[in-house]
$ cat upload.txt   # compact mmCIF, C-alpha atoms
# COMPACT_ATOMS: atom_id res chain seq x y z
CA MET F 117 101.79 96.47 87.41
CA SER F 118 103.24 93.01 86.74
CA PHE F 119 102.11 90.21 84.41
CA ARG F 120 103.14 86.58 84.54
CA SER F 121 102.50 84.08 81.82
CA TYR F 122 103.74 80.61 81.14
CA LEU F 123 106.03 80.86 78.14
CA GLN F 124 105.62 77.59 76.27
CA ARG F 125 108.50 78.15 73.89
CA LYS F 126 110.90 78.65 76.80
CA LYS F 127 109.23 76.10 79.07
CA ASP F 128 109.80 78.40 81.99
CA LEU F 129 107.81 80.73 84.19
CA GLY F 130 108.32 84.18 82.77
CA SER F 131 107.78 87.50 84.43
CA SER F 132 107.55 90.88 82.80
CA CYS F 133 107.59 93.94 85.01
CA LEU F 134 106.37 97.00 83.21
CA LYS F 135 106.64 100.67 83.87
CA LEU F 136 103.46 101.83 82.21
CA ALA F 137 103.57 105.22 80.53
CA LEU F 138 99.99 106.26 81.18
CA ASP F 139 98.31 109.51 80.28
CA GLY F 140 96.32 109.12 83.49
CA HIS F 141 95.54 106.62 86.21
CA LYS F 142 91.93 106.05 85.23
CA GLY F 143 90.85 102.44 84.96
CA ASP F 144 89.91 102.72 81.28
CA ASP F 145 93.35 104.17 80.45
CA ILE F 146 95.05 101.25 82.18
CA GLY F 147 92.75 98.79 80.44
CA LYS F 148 93.41 100.24 76.99
CA LEU F 149 97.16 100.12 77.47
CA LEU F 150 96.99 96.58 78.81
CA GLU F 151 94.88 95.57 75.82
CA LYS F 152 97.45 97.10 73.47
CA LEU F 153 100.33 95.28 75.16
CA LEU F 154 98.59 91.90 75.07
CA ILE F 155 98.04 92.31 71.33
CA GLU F 156 101.67 93.34 70.80
CA TRP F 157 102.91 90.33 72.75
CA GLY F 158 100.65 88.00 70.81
CA ILE F 159 98.89 86.72 73.95
CA GLU F 160 95.55 85.44 72.72
CA ARG F 161 94.23 83.58 75.77
CA VAL F 162 94.00 85.21 79.19
CA CYS F 163 92.93 83.18 82.20
CA THR F 164 93.09 85.74 85.02
CA ILE F 165 94.43 89.20 85.79
CA THR F 166 95.62 89.65 89.36
CA VAL F 167 95.20 93.08 90.93
CA ASP F 168 94.73 94.71 94.31
CA ASN F 169 91.47 96.35 95.38
CA ALA F 170 92.06 99.87 94.02
CA SER F 171 88.94 101.29 92.37
CA SER F 172 90.86 102.06 89.17
CA ASN F 173 91.73 98.37 88.90
CA ASP F 174 88.05 97.44 89.12
CA THR F 175 87.34 99.78 86.21
CA CYS F 176 90.32 98.38 84.30
CA LEU F 177 89.06 94.82 84.79
CA ALA F 178 85.57 95.79 83.63
CA TYR F 179 87.11 97.17 80.43
CA MET F 180 89.29 94.08 79.95
CA LYS F 181 86.33 91.75 80.45
CA ARG F 182 84.46 93.46 77.63
CA SER F 183 87.52 93.53 75.39
CA LEU F 184 88.62 89.93 75.91
CA THR F 185 85.09 88.57 75.69
CA ASN F 186 84.46 90.36 72.40
CA ARG F 187 87.72 88.99 71.00
CA GLY F 188 87.09 85.48 72.35
CA CYS F 189 90.33 85.55 74.31
CA THR F 190 89.13 84.31 77.69
CA HIS F 191 87.21 81.50 79.36
CA ALA F 192 83.61 81.61 80.62
CA ARG F 193 83.04 85.02 79.04
CA SER F 194 85.56 86.59 81.45
CA GLN F 195 83.48 85.60 84.47
CA TYR F 196 86.61 84.60 86.41
CA LEU F 197 89.06 87.09 84.92
CA HIS F 198 89.34 89.21 88.08
CA MET F 199 91.70 87.58 90.58
CA ARG F 200 92.27 89.38 93.86
CA CYS F 201 95.90 89.44 94.94
CA VAL F 202 96.30 87.03 97.87
CA ALA F 203 99.31 88.89 99.25
CA HIS F 204 97.39 92.18 99.11
CA ILE F 205 94.45 90.78 101.08
CA VAL F 206 96.83 89.33 103.66
CA ASN F 207 98.34 92.82 103.86
CA LEU F 208 94.90 94.35 104.54
CA VAL F 209 94.18 91.78 107.24
CA VAL F 210 97.49 92.39 109.02
CA GLN F 211 97.27 96.18 108.66
CA ASP F 212 93.97 96.12 110.55
CA GLY F 213 95.73 94.29 113.36
CA LEU F 214 98.63 96.74 113.37
CA LYS F 215 96.23 99.66 113.72
CA ILE F 216 95.10 98.26 117.06
CA MET F 217 98.72 97.71 118.09
CA CYS F 218 99.86 101.13 116.82
CA HIS F 219 100.66 102.52 120.29
CA THR F 220 103.25 99.80 120.85
CA VAL F 221 104.62 99.83 117.31
CA ASN F 222 104.94 103.62 117.23
CA ARG F 223 106.71 103.84 120.58
CA ILE F 224 109.27 101.32 119.39
CA ARG F 225 109.55 103.01 115.99
CA HIS F 226 110.13 106.40 117.65
CA ALA F 227 112.77 104.92 119.95
CA ILE F 228 114.68 103.46 117.00
CA LYS F 229 114.46 106.75 115.09
CA PHE F 230 115.77 108.63 118.12
CA VAL F 231 118.79 106.36 118.53
CA ARG F 232 119.59 106.41 114.81
CA ALA F 233 119.14 110.18 114.49
CA SER F 234 122.83 110.95 115.05
CA PRO F 235 126.19 109.11 115.00
CA THR F 236 126.77 110.08 118.64
CA ARG F 237 123.55 108.48 119.84
CA LEU F 238 124.22 105.39 117.76
CA ASP F 239 127.70 105.04 119.25
CA VAL F 240 126.24 105.26 122.76
CA PHE F 241 123.64 102.65 121.84
CA LYS F 242 126.36 100.31 120.52
CA LYS F 243 128.10 100.55 123.88
CA CYS F 244 124.80 99.74 125.58
CA VAL F 245 124.47 96.70 123.33
CA GLN F 246 127.87 95.51 124.51
CA LEU F 247 127.04 96.18 128.16
CA SER F 248 123.78 94.28 127.81
CA LYS F 249 125.57 91.39 126.06
CA VAL F 250 123.02 91.31 123.26
CA ALA F 251 123.63 88.25 121.11
CA SER F 252 123.21 89.91 117.73
CA LYS F 253 125.72 90.91 115.08
CA GLY F 254 123.34 93.36 113.44
CA LEU F 255 121.82 96.59 114.71
CA ILE F 256 118.33 98.03 114.96
CA ASN F 257 116.62 98.93 111.70
CA ILE F 258 113.67 101.18 110.97
CA ASP F 259 110.66 100.02 109.00
CA VAL F 260 108.62 101.44 106.14
CA ALA F 261 105.40 102.18 108.00
CA THR F 262 103.15 101.45 105.00
CA ARG F 263 104.60 97.95 104.53
CA TRP F 264 103.60 95.57 107.30
CA ASN F 265 106.22 92.97 106.36
CA SER F 266 108.85 95.66 106.90
CA THR F 267 107.29 96.38 110.29
CA PHE F 268 107.45 92.67 111.14
CA VAL F 269 111.17 92.56 110.31
CA MET F 270 111.71 95.61 112.52
CA LEU F 271 109.84 94.07 115.47
CA ASP F 272 111.52 90.70 115.01
CA ASN F 273 114.91 92.38 115.10
CA VAL F 274 114.36 94.97 117.82
CA GLU F 275 113.12 92.49 120.42
CA LYS F 276 116.71 91.30 120.91
CA PHE F 277 117.69 94.82 121.99
CA GLU F 278 115.18 95.32 124.80
CA SER F 279 117.87 95.38 127.49
CA ALA F 280 120.04 97.69 125.35
CA PHE F 281 117.25 100.27 125.18
CA GLU F 282 116.86 100.09 128.95
CA GLN F 283 120.60 100.71 129.30
CA TYR F 284 120.42 103.57 126.83
CA ALA F 285 117.75 105.30 128.93
CA LEU F 286 120.28 105.43 131.78
CA HIS F 287 123.00 106.94 129.58
CA ASP F 288 121.00 109.57 127.70
CA PRO F 289 118.74 111.83 129.82
CA ASN F 290 117.15 113.28 126.68
CA TYR F 291 115.89 109.88 125.55
CA LYS F 292 112.76 109.74 127.70
CA THR F 293 112.14 113.49 127.59
CA GLU F 294 112.24 113.74 123.80
CA LEU F 295 110.16 110.61 123.21
CA GLU F 296 107.43 111.89 125.53
CA LYS F 297 107.06 114.81 123.11
CA THR F 298 107.08 112.58 120.02
CA GLY F 299 103.79 111.49 118.51
CA PRO F 300 100.25 112.82 118.34
CA GLU F 301 98.14 113.82 121.31
CA PRO F 302 96.09 110.80 122.38
CA LYS F 303 92.47 110.84 121.27
CA PRO F 304 89.67 110.06 123.72
CA ASP F 305 89.58 106.33 124.54
CA ALA F 306 92.88 105.83 122.66
CA LEU F 307 96.20 104.69 124.09
CA ASP F 308 99.07 107.18 124.22
CA GLN F 309 101.71 106.55 121.55
CA ARG F 310 104.27 108.85 123.15
CA GLY F 311 107.17 107.97 125.41
CA PRO F 312 109.78 105.19 125.33
CA PRO F 313 108.75 101.53 124.96
CA THR F 314 107.26 100.14 128.15
CA GLN F 315 107.58 96.66 129.62
CA SER F 316 104.12 95.79 128.32
CA ASP F 317 105.18 96.95 124.84
CA TRP F 318 107.96 94.38 124.77
CA VAL F 319 105.52 91.68 125.90
CA TYR F 320 103.14 92.63 123.09
CA VAL F 321 105.98 92.58 120.56
CA SER F 322 107.07 89.12 121.65
CA GLU F 323 103.58 87.64 121.27
CA PHE F 324 102.47 89.59 118.22
CA LYS F 325 105.56 88.92 116.12
CA GLN F 326 105.16 85.17 116.62
CA PHE F 327 101.68 85.50 115.19
CA LEU F 328 102.87 87.72 112.32
CA GLN F 329 105.60 85.23 111.42
CA HIS F 330 102.97 82.96 109.86
CA PHE F 331 101.65 85.77 107.66
CA TYR F 332 105.18 86.82 106.73
CA ASP F 333 106.06 83.30 105.57
CA LEU F 334 102.75 82.97 103.73
CA THR F 335 103.25 86.26 101.87
CA ASN F 336 106.72 85.24 100.75
CA LYS F 337 105.36 81.91 99.52
CA VAL F 338 102.49 83.27 97.42
CA SER F 339 104.67 86.08 96.05
CA GLY F 340 107.18 83.73 94.45
CA THR F 341 108.10 84.29 90.80
CA LYS F 342 110.29 81.25 90.17
CA TYR F 343 107.58 78.65 90.70
CA VAL F 344 103.86 78.15 90.15
CA THR F 345 101.76 79.57 92.99
CA ALA F 346 98.13 79.27 91.79
CA ASN F 347 97.71 75.76 93.21
CA THR F 348 98.75 76.95 96.68
CA PHE F 349 96.26 79.82 97.07
CA LEU F 350 93.43 77.75 98.52
CA GLU F 351 95.74 76.11 101.03
CA GLU F 352 97.10 79.49 102.10
CA ILE F 353 93.63 81.00 102.41
CA ALA F 354 92.60 78.07 104.59
CA ASP F 355 95.77 78.47 106.66
CA VAL F 356 94.95 82.11 107.33
CA ASN F 357 91.49 81.05 108.44
CA PHE F 358 92.95 78.47 110.83
CA LEU F 359 95.46 80.97 112.21
CA LEU F 360 92.86 83.65 112.83
CA GLY F 361 90.50 81.10 114.36
CA GLU F 362 93.10 79.76 116.77
CA TRP F 363 94.32 83.26 117.61
CA SER F 364 90.76 84.50 118.22
CA ASP F 365 89.93 81.53 120.45
CA HIS F 366 93.15 82.06 122.39
CA VAL F 367 92.90 85.80 123.02
CA ILE F 368 89.13 86.01 123.50
CA CYS F 369 89.46 83.57 126.38
CA GLY F 370 92.10 85.84 127.91
CA ASP F 371 91.90 89.18 129.66
CA ASP F 372 93.82 91.38 127.22
CA GLU F 373 91.37 93.76 125.54
CA ILE F 374 93.92 94.92 122.96
CA PHE F 375 94.52 91.43 121.62
CA LYS F 376 90.78 90.73 121.65
CA CYS F 377 90.03 93.83 119.60
CA MET F 378 92.88 93.06 117.21
CA ALA F 379 91.70 89.49 116.64
CA LEU F 380 88.14 90.60 115.92
CA LYS F 381 89.30 93.31 113.49
CA MET F 382 91.54 90.93 111.56
CA LYS F 383 88.86 88.25 111.44
CA ALA F 384 86.30 90.75 110.14
CA LYS F 385 88.63 91.89 107.35
CA TYR F 386 89.31 88.29 106.39
CA GLU F 387 85.59 87.50 106.24
CA LYS F 388 85.03 90.51 103.98
CA TYR F 389 87.15 89.01 101.20
CA TRP F 390 87.33 85.27 101.85
CA GLY F 391 84.46 84.51 104.20
CA ASP F 392 82.03 83.54 101.43
CA PRO F 393 83.32 80.95 98.91
CA GLU F 394 80.63 82.03 96.45
CA LYS F 395 82.31 85.42 96.12
CA MET F 396 85.77 83.98 95.52
CA ASN F 397 87.29 83.36 92.11
CA LYS F 398 86.53 79.74 91.18
CA TYR F 399 89.94 79.30 89.56
CA ILE F 400 91.41 79.28 93.08
CA PHE F 401 89.50 76.06 93.73
CA ILE F 402 90.10 74.57 90.30
CA ALA F 403 93.87 75.04 90.58
CA ALA F 404 93.83 73.33 93.98
CA ILE F 405 91.63 70.44 92.87
CA LEU F 406 93.88 69.74 89.88
CA ASP F 407 96.83 69.45 92.27
CA PRO F 408 97.02 65.84 93.60
CA SER F 409 98.42 67.04 96.92
CA CYS F 410 95.15 68.87 97.51
CA LEU F 411 93.48 65.51 98.23
CA VAL F 412 95.69 65.22 101.30
CA LEU F 413 94.65 68.70 102.38
CA ILE F 414 90.98 67.81 102.03
CA LEU F 415 91.44 64.74 104.21
CA TYR F 416 93.41 66.80 106.72
CA ALA F 417 90.68 69.42 106.78
CA ARG F 418 88.04 66.77 107.42
CA THR F 419 89.98 65.33 110.35
CA LYS F 420 90.24 68.84 111.75
CA GLU F 421 86.48 69.30 111.22
CA SER F 422 87.18 72.42 109.20
CA HIS F 423 83.78 73.28 107.73
CA PHE F 424 85.34 76.28 106.00
CA PHE F 425 87.75 74.26 103.86
CA LYS F 426 85.37 71.33 103.37
CA ASP F 427 82.46 73.50 102.20
CA MET F 428 84.63 75.43 99.74
CA ILE F 429 85.88 72.22 98.12
CA GLU F 430 82.46 70.58 97.90
CA ASP F 431 80.77 73.71 96.55
CA THR F 432 83.44 74.07 93.90
CA TYR F 433 83.18 70.48 92.71
CA GLY F 434 79.54 71.15 91.93
CA CYS F 435 80.40 74.43 90.23
CA ILE F 436 83.04 72.78 88.03
CA ILE F 437 80.63 70.08 86.88
CA GLU F 438 77.96 72.65 86.00
CA GLU F 439 80.29 75.05 84.21
CA ASN F 440 82.81 72.61 82.77
CA GLU F 441 81.77 73.12 79.16
CA ILE F 442 81.88 76.91 79.46
CA LEU F 443 85.20 76.95 81.29
CA TRP F 444 87.19 74.75 78.98
CA ARG F 445 85.59 75.52 75.62
CA GLY F 446 85.31 79.26 76.19
$ encode --input "upload.txt" --output "structure tokens"
Amino acid sequence: MSFRSYLQRKKDLGSSCLKLALDGHKGDDIGKLLEKLLIEWGIERVCTITVDNASSNDTCLAYMKRSLTNRGCTHARSQYLHMRCVAHIVNLVVQDGLKIMCHTVNRIRHAIKFVRASPTRLDVFKKCVQLSKVASKGLINIDVATRWNSTFVMLDNVEKFESAFEQYALHDPNYKTELEKTGPEPKPDALDQRGPPTQSDWVYVSEFKQFLQHFYDLTNKVSGTKYVTANTFLEEIADVNFLLGEWSDHVICGDDEIFKCMALKMKAKYEKYWGDPEKMNKYIFIAAILDPSCLVLILYARTKESHFFKDMIEDTYGCIIEENEILWRG
């Protein structure tokens, strides 16, 4: 768990990463330890606590709301204390898309694992890279399957080696045979994940990674620790909405059922967390409105006829006026 606070005496953005020695992982245990640490650090005013959507975190936040409200250490009686992690929600959105694309991703992942399984195979693959005249100084890397940004890096890198894998299939007779045994038996109405990457797999990788690039850049931006990020959240949320909208319009008009299903899944996950401005933390809007550059974004959104962005801003202006006294006087 990480906590960031603006350290006035140092005039710098500080970050403290803690390894919490918990007796258990229950939400109340986490809340009690967090409460203890805040008191030890002398932090008397807490604006928000950013967490992912684990159930224990919900319990922890419920405890912290009671604690901070009773001590008068938060604004608006802790109404806006719970801030959902933007990067985590982006992760959930992308993971839903990757589940639809798992047959392609897994075939490529298995192929990389096969080649990297022994020095002999890797040496043969290096020769295939030379024969294919691949313009890359690096080599193929495997991803961490539970981290989508790691999967993106793998796909972005491996695409350059498509011709090298085709060459390798000619040099190693076990390549195709072994990969056809690798992976689970296909379920009814599910695509087979076994075998070497196909031509259509490489086409999917090329298109999908271009789409994922936007999410990869966005995640890196909102995860920064050397600069303030709160004022960028609304812009990034709107950007995700635009991206998913454009992607959905593009693929739904096409004939590819996989991309259609993926777009609908990702859009549905997005709507679950960010589809209704009323359910979003109002500090996201306040931070954006207090940023002068946000005025440009509002004008841009209006020219693009983005009802999503426009409605969120207008609704929040009204909310700020109504709750101004509570928010700033606690």
$ closest_residue --input "upload.txt" --among "F:Ile216, F:Ala354, F:Leu307, F:Cys201" --to "Ala170 (chain F)" --atoms "all atoms listed in the file"
F:Cys201
$ closest_residue --input "upload.txt" --among "F:Ile205, F:Leu150, F:Val210, F:Ala227" --to "Tyr284 (chain F)" --atoms "all atoms listed in the file"
F:Ala227
$ closest_residue --input "upload.txt" --among "F:Ala251, F:Val245, F:Ile374, F:Val221" --to "Gly311 (chain F)" --atoms "all atoms listed in the file"
F:Val221
$ atom_distance --input "upload.txt" --atom1 "CA of Tyr386 (chain F)" --atom2 "CA of Lys181 (chain F)"
26.3 Å
$ atom_distance --input "upload.txt" --atom1 "CA of Thr190 (chain F)" --atom2 "CA of Glu160 (chain F)"
8.2 Å
$ closest_residue --input "upload.txt" --among "F:Val319, F:Leu406, F:Met217, F:Cys176" --to "Glu275 (chain F)" --atoms "all atoms listed in the file"
F:Val319
$ closest_residue --input "upload.txt" --among "F:Asn273, F:Asn347, F:Thr341, F:Gln309" --to "Lys325 (chain F)" --atoms "all atoms listed in the file"
F:Asn273
$ atom_distance --input "upload.txt" --atom1 "CA of Phe349 (chain F)" --atom2 "CA of Ala404 (chain F)"
7.6 Å
$ closest_residue --input "upload.txt" --among "F:Val338, F:Ser234, F:His226, F:Asn186" --to "Lys297 (chain F)" --atoms "all atoms listed in the file"
F:His226
$ residues_around --input "upload.txt" --residues "region 254-267 of chain F" --least-positions-apart "6" --cutoff "12 Å" --atoms "only C-alpha atoms" --output "MDAnalysis selection string"
chainID F and resid 203:204 206:215 217:218 220:222 224:233 238:239 241:246 273:278 280:281 321 324:325 328:336
$ residues_near_point --input "upload.txt" --point "(93.3, 90.1, 77.0)" --cutoff "8 Å" --atoms "all atoms listed in the file" --output "VMD selection string"
chain F and resid 150 to 151 154 to 155 159 to 162 180 to 181 183 to 184 189 to 190
$ decode --input "upload.txt" --residues "region 135-251 of chain F" --atoms "C-alpha atoms" --output "PDB file, in the first residue's frame"
ATOM      1  CA  LYS F 135       5.504  -2.792   3.955  1.00  0.00           C
ATOM      2  CA  LEU F 136       2.691  -3.189   6.416  1.00  0.00           C
ATOM      3  CA  ALA F 137       3.184  -5.761   9.152  1.00  0.00           C
ATOM      4  CA  LEU F 138      -0.413  -6.870   9.522  1.00  0.00           C
ATOM      5  CA  ASP F 139      -1.810  -9.535  11.786  1.00  0.00           C
ATOM      6  CA  GLY F 140      -4.311 -10.263   9.024  1.00  0.00           C
ATOM      7  CA  HIS F 141      -5.617  -8.880   5.766  1.00  0.00           C
ATOM      8  CA  LYS F 142      -9.034  -7.895   7.060  1.00  0.00           C
ATOM      9  CA  GLY F 143     -10.175  -4.401   6.204  1.00  0.00           C
ATOM     10  CA  ASP F 144     -10.485  -3.322   9.842  1.00  0.00           C
ATOM     11  CA  ASP F 145      -6.914  -4.469  10.549  1.00  0.00           C
ATOM     12  CA  ILE F 146      -5.617  -2.417   7.632  1.00  0.00           C
ATOM     13  CA  GLY F 147      -7.687   0.566   8.743  1.00  0.00           C
ATOM     14  CA  LYS F 148      -6.416   0.433  12.322  1.00  0.00           C
ATOM     15  CA  LEU F 149      -2.797   0.267  11.208  1.00  0.00           C
ATOM     16  CA  LEU F 150      -3.313   3.102   8.746  1.00  0.00           C
ATOM     17  CA  GLU F 151      -4.936   5.172  11.480  1.00  0.00           C
ATOM     18  CA  LYS F 152      -1.963   4.510  13.759  1.00  0.00           C
ATOM     19  CA  LEU F 153       0.537   5.531  11.077  1.00  0.00           C
ATOM     20  CA  LEU F 154      -1.277   8.764  10.247  1.00  0.00           C
ATOM     21  CA  ILE F 155      -1.192   9.730  13.919  1.00  0.00           C
ATOM     22  CA  GLU F 156       2.515   8.859  14.174  1.00  0.00           C
ATOM     23  CA  TRP F 157       3.304  10.944  11.095  1.00  0.00           C
ATOM     24  CA  GLY F 158       1.318  13.873  12.421  1.00  0.00           C
ATOM     25  CA  ILE F 159      -0.976  13.987   9.379  1.00  0.00           C
ATOM     26  CA  GLU F 160      -4.115  15.716  10.605  1.00  0.00           C
ATOM     27  CA  ARG F 161      -5.975  16.400   7.357  1.00  0.00           C
ATOM     28  CA  VAL F 162      -6.712  13.661   4.836  1.00  0.00           C
ATOM     29  CA  CYS F 163      -8.331  14.503   1.521  1.00  0.00           C
ATOM     30  CA  THR F 164      -8.557  11.104  -0.180  1.00  0.00           C
ATOM     31  CA  ILE F 165      -7.241   7.569   0.121  1.00  0.00           C
ATOM     32  CA  THR F 166      -6.644   5.837  -3.203  1.00  0.00           C
ATOM     33  CA  VAL F 167      -7.195   2.078  -3.347  1.00  0.00           C
ATOM     34  CA  ASP F 168      -8.162  -0.636  -5.792  1.00  0.00           C
ATOM     35  CA  ASN F 169     -11.493  -2.457  -5.651  1.00  0.00           C
ATOM     36  CA  ALA F 170     -10.560  -5.277  -3.241  1.00  0.00           C
ATOM     37  CA  SER F 171     -13.319  -5.925  -0.705  1.00  0.00           C
ATOM     38  CA  SER F 172     -10.875  -5.551   2.195  1.00  0.00           C
ATOM     39  CA  ASN F 173     -10.101  -2.035   0.984  1.00  0.00           C
ATOM     40  CA  ASP F 174     -13.796  -1.145   1.061  1.00  0.00           C
ATOM     41  CA  THR F 175     -13.932  -2.271   4.688  1.00  0.00           C
ATOM     42  CA  CYS F 176     -10.731  -0.364   5.444  1.00  0.00           C
ATOM     43  CA  LEU F 177     -12.178   2.822   3.941  1.00  0.00           C
ATOM     44  CA  ALA F 178     -15.393   2.422   5.928  1.00  0.00           C
ATOM     45  CA  TYR F 179     -13.301   2.241   9.107  1.00  0.00           C
ATOM     46  CA  MET F 180     -11.179   5.237   8.086  1.00  0.00           C
ATOM     47  CA  LYS F 181     -14.258   7.306   7.284  1.00  0.00           C
ATOM     48  CA  ARG F 182     -15.574   6.775  10.799  1.00  0.00           C
ATOM     49  CA  SER F 183     -12.188   7.425  12.372  1.00  0.00           C
ATOM     50  CA  LEU F 184     -11.312  10.568  10.428  1.00  0.00           C
ATOM     51  CA  THR F 185     -14.807  12.015  10.735  1.00  0.00           C
ATOM     52  CA  ASN F 186     -14.824  11.535  14.501  1.00  0.00           C
ATOM     53  CA  ARG F 187     -11.422  13.235  14.756  1.00  0.00           C
ATOM     54  CA  GLY F 188     -12.389  16.043  12.368  1.00  0.00           C
ATOM     55  CA  CYS F 189      -9.515  15.183  10.050  1.00  0.00           C
ATOM     56  CA  THR F 190     -11.293  15.171   6.698  1.00  0.00           C
ATOM     57  CA  HIS F 191     -13.564  17.250   4.479  1.00  0.00           C
ATOM     58  CA  ALA F 192     -17.311  16.793   3.960  1.00  0.00           C
ATOM     59  CA  ARG F 193     -17.498  14.183   6.724  1.00  0.00           C
ATOM     60  CA  SER F 194     -15.359  11.788   4.650  1.00  0.00           C
ATOM     61  CA  GLN F 195     -17.941  11.692   1.862  1.00  0.00           C
ATOM     62  CA  TYR F 196     -15.211  11.844  -0.793  1.00  0.00           C
ATOM     63  CA  LEU F 197     -12.466   9.986   1.060  1.00  0.00           C
ATOM     64  CA  HIS F 198     -12.630   6.870  -1.134  1.00  0.00           C
ATOM     65  CA  MET F 199     -10.782   7.438  -4.413  1.00  0.00           C
ATOM     66  CA  ARG F 200     -10.693   4.567  -6.877  1.00  0.00           C
ATOM     67  CA  CYS F 201      -7.292   4.029  -8.451  1.00  0.00           C
ATOM     68  CA  VAL F 202      -7.466   5.221 -12.070  1.00  0.00           C
ATOM     69  CA  ALA F 203      -4.659   2.905 -13.175  1.00  0.00           C
ATOM     70  CA  HIS F 204      -6.413  -0.060 -11.560  1.00  0.00           C
ATOM     71  CA  ILE F 205      -9.689   0.619 -13.372  1.00  0.00           C
ATOM     72  CA  VAL F 206      -7.817   0.983 -16.664  1.00  0.00           C
ATOM     73  CA  ASN F 207      -6.242  -2.384 -15.850  1.00  0.00           C
ATOM     74  CA  LEU F 208      -9.688  -3.961 -15.354  1.00  0.00           C
ATOM     75  CA  VAL F 209     -10.932  -2.505 -18.643  1.00  0.00           C
ATOM     76  CA  VAL F 210      -7.942  -3.801 -20.604  1.00  0.00           C
ATOM     77  CA  GLN F 211      -7.967  -7.204 -18.887  1.00  0.00           C
ATOM     78  CA  ASP F 212     -11.534  -7.738 -20.094  1.00  0.00           C
ATOM     79  CA  GLY F 213     -10.326  -7.076 -23.624  1.00  0.00           C
ATOM     80  CA  LEU F 214      -7.385  -9.448 -23.242  1.00  0.00           C
ATOM     81  CA  LYS F 215      -9.711 -12.240 -22.117  1.00  0.00           C
ATOM     82  CA  ILE F 216     -11.424 -12.095 -25.502  1.00  0.00           C
ATOM     83  CA  MET F 217      -8.046 -12.049 -27.246  1.00  0.00           C
ATOM     84  CA  CYS F 218      -6.590 -14.816 -25.050  1.00  0.00           C
ATOM     85  CA  HIS F 219      -6.327 -17.374 -27.877  1.00  0.00           C
ATOM     86  CA  THR F 220      -3.956 -15.106 -29.797  1.00  0.00           C
ATOM     87  CA  VAL F 221      -2.021 -13.906 -26.756  1.00  0.00           C
ATOM     88  CA  ASN F 222      -1.569 -17.426 -25.385  1.00  0.00           C
ATOM     89  CA  ARG F 223      -0.363 -18.880 -28.678  1.00  0.00           C
ATOM     90  CA  ILE F 224       2.271 -16.164 -28.910  1.00  0.00           C
ATOM     91  CA  ARG F 225       3.163 -16.538 -25.230  1.00  0.00           C
ATOM     92  CA  HIS F 226       3.583 -20.309 -25.636  1.00  0.00           C
ATOM     93  CA  ALA F 227       5.752 -19.826 -28.721  1.00  0.00           C
ATOM     94  CA  ILE F 228       8.066 -17.459 -26.841  1.00  0.00           C
ATOM     95  CA  LYS F 229       8.284 -19.837 -23.880  1.00  0.00           C
ATOM     96  CA  PHE F 230       9.135 -22.715 -26.214  1.00  0.00           C
ATOM     97  CA  VAL F 231      11.964 -20.824 -27.895  1.00  0.00           C
ATOM     98  CA  ARG F 232      13.375 -19.559 -24.597  1.00  0.00           C
ATOM     99  CA  ALA F 233      13.111 -22.955 -22.884  1.00  0.00           C
ATOM    100  CA  SER F 234      16.686 -23.978 -23.737  1.00  0.00           C
ATOM    101  CA  PRO F 235      19.938 -22.330 -24.904  1.00  0.00           C
ATOM    102  CA  THR F 236      19.942 -24.552 -27.999  1.00  0.00           C
ATOM    103  CA  ARG F 237      16.518 -23.401 -29.143  1.00  0.00           C
ATOM    104  CA  LEU F 238      17.411 -19.792 -28.437  1.00  0.00           C
ATOM    105  CA  ASP F 239      20.586 -20.087 -30.517  1.00  0.00           C
ATOM    106  CA  VAL F 240      18.575 -21.507 -33.416  1.00  0.00           C
ATOM    107  CA  PHE F 241      16.077 -18.672 -33.072  1.00  0.00           C
ATOM    108  CA  LYS F 242      18.889 -16.092 -33.144  1.00  0.00           C
ATOM    109  CA  LYS F 243      20.062 -17.568 -36.440  1.00  0.00           C
ATOM    110  CA  CYS F 244      16.499 -17.332 -37.743  1.00  0.00           C
ATOM    111  CA  VAL F 245      16.438 -13.682 -36.707  1.00  0.00           C
ATOM    112  CA  GLN F 246      19.562 -13.080 -38.783  1.00  0.00           C
ATOM    113  CA  LEU F 247      18.160 -14.985 -41.760  1.00  0.00           C
ATOM    114  CA  SER F 248      14.939 -12.999 -41.567  1.00  0.00           C
ATOM    115  CA  LYS F 249      16.889  -9.725 -41.294  1.00  0.00           C
ATOM    116  CA  VAL F 250      14.840  -8.579 -38.320  1.00  0.00           C
ATOM    117  CA  ALA F 251      15.692  -4.969 -37.539  1.00  0.00           C
TER     118      ALA F 251
END
